[in-house]
Amino acid sequence: MSNNNINESLWIAVKVERGFPAVVKCFRNEKLALKLERKWRREMNLDYDETEVFEVSLKDIN
């Protein structure tokens with residue numbers, strides 16, 4: 001991995017259904033992760049399910 005990539009981030013979209021992680025997707029682009037999260041929110045049961053997007057810095061990965 002070159003030094004230019006050290007500052008890059010990955011965006012992790014997680015969908016939880018009734019308390020259990022159901023889907024985890026990884027993106028290099030925040031907009032794509034947020035777009036998927038919006039799609040999931042339109043289709044999910046808001047009383048029982050949840051979704052979130054997390055940023056992970058590649059420099060934090062060992």
# chains A, B, ... in the order shown; residues from 1 in each chain; ligands from 1

$ select_by_dssp --residues "chain A" --states "helix (DSSP H, G or I)" --output "PyMOL selection string"
chain A and resi 3-5+30-43+58-60

$ select_by_dssp --residues "chain A" --states "strand (DSSP E or B)" --output "list in words"
Ser9, Leu10, Trp11, Ile12, Ala13, Val14, Lys15, Val16, Glu17, Phe20, Pro21, Ala22, Val23, Val24, Lys25, Cys26, Phe27, Glu50, Thr51, Glu52, Val53, Phe54, Glu55, Val56 and Ser57 of chain A

$ atom_distance --atom1 "atom CA of Lys25 of chain A" --atom2 "atom CA of Asp47 of chain A"
22.3 Å

$ residues_around --residues "segment 27-44 of chain A" --least-positions-apart "2" --cutoff "6 Å" --atoms "only C-alpha atoms" --output "PDB file with C-alpha atoms, in the first residue's frame"
ATOM      1  CA  LEU A  10     -13.741   2.895   4.190  1.00  0.00           C
ATOM      2  CA  TRP A  11     -17.441   3.399   4.839  1.00  0.00           C
ATOM      3  CA  ALA A  13     -23.040   0.288   6.138  1.00  0.00           C
ATOM      4  CA  LEU A  46     -38.596   1.414  11.936  1.00  0.00           C
TER       5      LEU A  46
END

$ residues_around --residues "Val24 of chain A" --least-positions-apart "5" --cutoff "10 Å" --atoms "only C-alpha atoms" --output "number ranges by chain"
A: 12-16, 51-53

$ residues_around --residues "Asn45 of chain A" --least-positions-apart "4" --cutoff "9 Å" --atoms "only C-alpha atoms" --output "list in words"
Glu17, Arg18, Arg41, Asp49 and Glu50 of chain A
